[in-house]
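Source file start-v2.txt; content: compact mmCIF, C-alpha atoms.
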# COMPACT_ATOMS: atom_id res chain seq x y z
CA LYS A 1 5.72 -10.96 -5.94
CA GLY A 2 8.35 -13.02 -7.72
CA GLY A 3 7.44 -11.67 -11.16
CA ARG A 4 8.86 -8.97 -13.35
CA VAL A 5 7.22 -5.69 -14.23
CA LEU A 6 7.07 -3.49 -17.32
CA MET A 7 6.17 0.13 -16.60
CA PHE A 8 5.33 2.44 -19.51
CA MET A 9 5.56 6.22 -19.35
CA ASP A 10 5.86 8.47 -22.40
CA MET A 11 5.66 11.80 -20.57
CA GLY A 12 8.57 11.29 -18.21
CA GLN A 13 11.23 13.24 -20.06
CA ASN A 14 11.66 16.95 -19.40
CA HIS A 15 13.15 18.77 -22.37
CA ASP A 16 15.34 21.78 -21.65
CA ALA A 17 15.37 23.63 -24.96
CA SER A 18 17.86 26.27 -23.80
CA ALA A 19 20.43 23.69 -22.77
CA GLY A 20 19.61 21.29 -25.57
CA SER A 21 19.38 18.42 -23.12
CA VAL A 22 16.87 15.94 -21.75
CA THR A 23 16.51 15.16 -18.07
CA LEU A 24 14.79 12.07 -16.73
CA ASN A 25 13.28 13.55 -13.60
CA ALA A 26 9.97 11.70 -13.72
CA TYR A 27 11.63 8.36 -14.40
CA GLU A 28 14.12 8.89 -11.60
CA ARG A 29 11.31 9.74 -9.20
CA VAL A 30 9.64 6.43 -10.02
CA VAL A 31 12.94 4.63 -9.46
CA ALA A 32 13.31 6.37 -6.09
CA GLU A 33 9.79 5.32 -5.06
CA LEU A 34 10.49 1.72 -6.05
CA GLU A 35 13.66 1.80 -3.98
CA LEU A 36 11.68 3.03 -0.97
CA ALA A 37 9.28 0.13 -1.56
CA GLY A 38 12.16 -2.33 -1.31
CA VAL A 39 13.21 -2.81 -4.92
CA SER A 40 16.97 -2.54 -5.30
CA ARG A 41 18.04 0.24 -7.65
CA ASP A 42 20.33 -2.08 -9.61
CA ARG A 43 17.30 -4.27 -10.37
CA VAL A 44 15.51 -1.38 -12.13
CA ARG A 45 16.31 -0.15 -15.63
CA VAL A 46 15.13 3.06 -17.28
CA ALA A 47 14.63 2.48 -21.02
CA THR A 48 14.38 5.61 -23.16
CA GLY A 49 16.05 6.89 -26.29
CA THR A 50 18.63 8.53 -24.06
CA THR A 51 19.53 5.48 -21.97
CA LEU A 52 19.21 2.98 -24.86
CA PRO A 53 20.48 4.81 -27.94
CA SER A 54 21.30 1.75 -30.07
CA ALA A 55 19.90 -1.59 -31.14
CA GLN A 56 22.76 -3.29 -29.31
CA SER A 57 21.84 -1.63 -26.01
CA ARG A 58 18.24 -2.73 -26.42
CA ARG A 59 19.34 -6.26 -27.13
CA SER A 60 21.42 -6.19 -23.93
CA LEU A 61 18.29 -5.09 -22.09
CA GLU A 62 16.38 -8.10 -23.45
CA VAL A 63 19.12 -10.51 -22.36
CA ASP A 64 19.51 -9.04 -18.85
CA TYR A 65 15.75 -9.07 -18.34
CA ALA A 66 15.37 -12.67 -19.55
CA ASP A 67 18.25 -13.72 -17.30
CA GLY A 68 16.54 -12.21 -14.26
CA LYS A 69 19.12 -9.48 -13.67
CA ILE A 70 16.40 -6.83 -14.02
CA GLU A 71 13.15 -6.88 -12.07
CA VAL A 72 11.49 -3.70 -13.33
CA ILE A 73 11.79 -1.83 -16.63
CA ILE A 74 10.45 1.72 -16.91
CA GLY A 75 10.34 2.82 -20.52
CA SER A 76 8.64 4.80 -23.25
CA THR A 77 6.46 3.24 -25.93
CA GLY A 78 8.71 4.53 -28.67
CA VAL A 79 11.73 2.65 -27.30
CA ILE A 80 10.41 -0.62 -25.89
CA GLY A 81 6.86 -0.69 -27.29
CA GLU A 82 7.85 -2.43 -30.50
CA GLY A 83 10.57 -4.81 -31.61
CA VAL A 84 11.70 -5.66 -28.07
CA ASP A 85 10.96 -9.10 -26.56
CA LEU A 86 10.29 -8.76 -22.84
CA GLN A 87 7.85 -11.61 -22.27
CA VAL A 88 10.15 -13.87 -20.23
CA GLY A 89 9.14 -13.64 -16.58
CA THR A 90 6.78 -10.70 -17.00
CA THR A 91 3.71 -10.90 -14.76
CA ASP A 92 2.57 -7.27 -14.69
CA ILE A 93 2.28 -4.34 -17.10
CA ILE A 94 1.74 -0.91 -15.56
CA HIS A 95 0.71 2.12 -17.62
CA LEU A 96 1.80 5.29 -15.81
CA ASP A 97 0.23 7.22 -18.67
CA THR A 98 -1.99 6.27 -21.60
CA PRO A 99 -1.27 6.77 -25.32
CA TRP A 100 -3.95 8.40 -27.43
CA ASP A 101 -4.06 5.70 -30.10
CA PRO A 102 -5.13 2.06 -29.55
CA GLY A 103 -2.22 0.78 -31.64
CA SER A 104 0.41 2.07 -29.21
CA TYR A 105 -1.57 0.64 -26.29
CA MET A 106 -1.70 -2.79 -27.93
CA GLN A 107 2.02 -2.59 -28.73
CA ARG A 108 2.69 -2.10 -25.02
CA LEU A 109 0.66 -5.18 -24.15
CA GLY A 110 2.40 -7.13 -26.88
CA ARG A 111 5.76 -6.87 -25.13
CA ALA A 112 4.61 -9.47 -22.60
CA VAL A 113 1.49 -11.10 -24.05
CA ARG A 114 3.27 -13.10 -26.72
CA GLN A 115 4.75 -16.50 -27.50
CA GLY A 116 7.44 -17.45 -25.01
CA SER A 117 5.62 -16.22 -21.94
CA LYS A 118 5.11 -18.93 -19.33
CA ALA A 119 2.97 -16.82 -17.00
CA GLU A 120 -0.53 -18.20 -16.42
CA ARG A 121 -1.85 -14.67 -16.24
CA ILE A 122 -0.38 -11.25 -16.98
CA ARG A 123 -1.98 -8.44 -15.02
CA ASN A 124 -2.59 -5.14 -16.83
CA HIS A 125 -2.74 -2.00 -14.66
CA VAL A 126 -3.86 1.38 -16.01
CA LEU A 127 -3.30 4.17 -13.50
CA VAL A 128 -5.72 7.11 -13.56
CA ALA A 129 -5.81 9.95 -11.03
CA ARG A 130 -8.95 11.71 -9.92
CA GLY A 131 -9.12 15.27 -11.17
CA SER A 132 -6.50 14.66 -13.88
CA PHE A 133 -6.58 14.27 -17.66
CA ASP A 134 -5.84 10.54 -17.32
CA SER A 135 -9.43 9.34 -17.49
CA ILE A 136 -10.14 11.40 -20.61
CA MET A 137 -7.10 10.00 -22.41
CA PHE A 138 -7.91 6.42 -21.41
CA SER A 139 -11.60 6.67 -22.27
CA THR A 140 -10.82 8.32 -25.62
CA MET A 141 -8.39 5.56 -26.48
CA LEU A 142 -10.94 2.87 -25.54
CA GLY A 143 -13.59 4.63 -27.60
CA LYS A 144 -11.32 4.75 -30.65
CA ARG A 145 -10.55 1.06 -30.26
CA ALA A 146 -14.23 0.11 -29.96
CA TRP A 147 -15.13 2.23 -32.98
CA MET A 148 -12.31 0.72 -35.06
CA ASP A 149 -13.37 -2.82 -34.06
CA VAL A 150 -16.92 -2.18 -35.27
CA LEU A 151 -15.68 -0.54 -38.45
CA LEU A 152 -13.26 -3.35 -39.34
CA GLU A 153 -15.27 -6.35 -38.18
CA GLY A 154 -18.89 -5.26 -38.53
CA THR A 155 -21.26 -5.17 -41.49
CA GLU A 156 -22.77 -1.72 -40.88
CA ARG A 157 -22.61 0.79 -43.74
CA GLU A 158 -22.25 3.68 -41.30
CA VAL A 159 -20.62 3.68 -37.89
CA PRO A 160 -21.09 6.68 -35.56
CA ASN A 161 -17.73 7.71 -34.13
CA ASN A 162 -18.48 8.16 -30.44
CA SER A 163 -14.85 7.95 -29.35
CA ILE A 164 -15.18 11.16 -27.35
CA ILE A 165 -17.52 9.32 -25.00
CA ASP A 166 -16.25 6.85 -22.47
CA PRO A 167 -17.41 3.33 -23.46
CA ARG A 168 -17.06 2.38 -19.82
CA GLU A 169 -19.10 5.06 -18.10
CA GLU A 170 -18.24 3.60 -14.73
CA LEU A 171 -14.65 4.77 -15.19
CA LEU A 172 -15.54 8.44 -15.28
CA ALA A 173 -18.10 7.97 -12.56
CA ALA A 174 -15.61 6.33 -10.21
CA LEU A 175 -13.18 9.22 -10.64
CA SER A 176 -15.80 11.90 -10.03
CA GLU A 177 -16.74 13.55 -6.76
CA ASP A 178 -20.36 12.92 -7.78
CA PRO A 179 -20.41 9.46 -9.44
CA GLU A 180 -24.16 9.30 -10.06
CA GLY A 181 -24.26 12.81 -11.48
CA ALA A 182 -21.26 12.15 -13.72
CA LEU A 183 -22.77 8.94 -15.04
CA GLU A 184 -26.04 10.71 -15.82
CA ARG A 185 -24.24 13.53 -17.66
CA VAL A 186 -22.27 11.05 -19.77
CA ARG A 187 -25.44 9.22 -20.74
CA GLU A 188 -27.17 12.49 -21.60
CA VAL A 189 -24.35 13.56 -23.90
CA LYS A 190 -24.34 10.13 -25.54
CA ARG A 191 -28.11 10.32 -26.06
CA ARG A 192 -27.79 13.72 -27.76
CA ILE A 193 -25.02 12.50 -30.06
CA TYR A 194 -27.10 9.52 -31.19
CA GLU A 195 -30.14 11.75 -31.73
CA ASP A 196 -28.12 14.22 -33.78
CA ALA A 197 -26.67 11.38 -35.85
CA ALA A 198 -30.15 9.96 -36.49
CA LEU A 199 -31.45 13.39 -37.50
CA ALA A 200 -28.54 13.87 -39.90
CA ARG A 201 -29.23 10.50 -41.54
CA THR A 202 -32.92 11.39 -41.91
CA ARG A 203 -32.04 14.69 -43.58
CA ARG A 204 -29.68 12.97 -46.01
CA ALA A 205 -32.38 10.42 -46.87
CA LEU A 206 -34.90 13.20 -47.59
CA ILE A 207 -32.40 14.98 -49.82
CA ASP A 208 -31.80 11.74 -51.74
CA LEU A 209 -35.56 11.22 -52.20
CA ARG A 210 -36.01 14.75 -53.50
CA GLY A 211 -33.20 14.11 -55.94
CA LEU A 212 -34.92 10.99 -57.24
CA GLY A 213 -38.15 12.87 -57.78
CA ALA A 214 -36.53 15.70 -59.68
So that I can check it, write out the structure of this file as structure tokens.
Amino acid sequence: KGGRVLMFMDMGQNHDASAGSVTLNAYERVVAELELAGVSRDRVRVATGTTLPSAQSRRSLEVDYADGKIEVIIGSTGVIGEGVDLQVGTTDIIHLDTPWDPGSYMQRLGRAVRQGSKAERIRNHVLVARGSFDSIMFSTMLGKRAWMDVLLEGTEREVPNNSIIDPREELLAALSEDPEGALERVREVKRRIYEDAALARTRRALIDLRGLGA
């Protein structure tokens, strides 16, 4: 309450190929829900390539947001995920969907978590729905990020890429109808991947030894 919110959604545009147009149905539905929750429609701005076609329009968005004329921005990563300063007054970031790559995710966070923000804490909300593809996308993105961190910052010569496995098993478990069973299945798959990787390394070492003895 009292803060400003950035909401990211990349899958909100419906493309009508036959008409050659783009409708913003998903974005407008979010706006309608916010209005029902008490947020005035004129305090919400939809920010996509259609609604903000130029650099000047994006600059106007920055100014209106910093001046407090806008309370909520709903936009796509491609439009407001980079090169747009929206840190003034932002207290919450909400991801209505999750990008596949960690870079886009960090760009989203960087709109508010940057110099010029006076908020003591910025809350980050990632929305995932049970029975949807959301958890897979989010866990894959986290796995890629963890793997890249080890690769770039570690000293290991080889790094197993386990990005297809959720690094936070509790996430998949919480979204499952059978949390304990889901957690056990994830751990079993992870165990098999590590065993296969170890076996592959052993085979390569044996081949190298045979080559030395030839």
Give me, as a list in words, all polymer residues having an atom no more than 7 Å from region 101-118 of chain A, counting all atoms listed in the file and skipping those fewer than 2 positions away in the same chain.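 Selected residues are Thr77, Gly81, Glu82, Val84, Asp85, Leu86, Gln87, Val88, Gly89, Thr90, Pro99, Glu120, Met141, Lys144 and Arg145 of chain A.
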Quick one: distance from CA of Ala119 (chain A) to CA of Ala32 (chain A) in Å, one decimal?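 These two atoms are separated by 27.6 Å.
Closest approach to Val128 (chain A) among A:Val39, A:Leu96, A:Met9, A:Leu142: A:Leu96, based on all atoms listed in the file.
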Report the distance between CA of Val44 (chain A) and CA of Lys69 (chain A) in Å, rounded to one decimal place. 9.0 Å
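Nearest residue to Val5 (chain A) among A:Val46, A:Met137, A:Ile73, A:Leu199 is A:Ile73, counting all atoms listed in the file.
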re CA of Val31 (chain A) and CA of Met7 (chain A): distance 10.8 Å
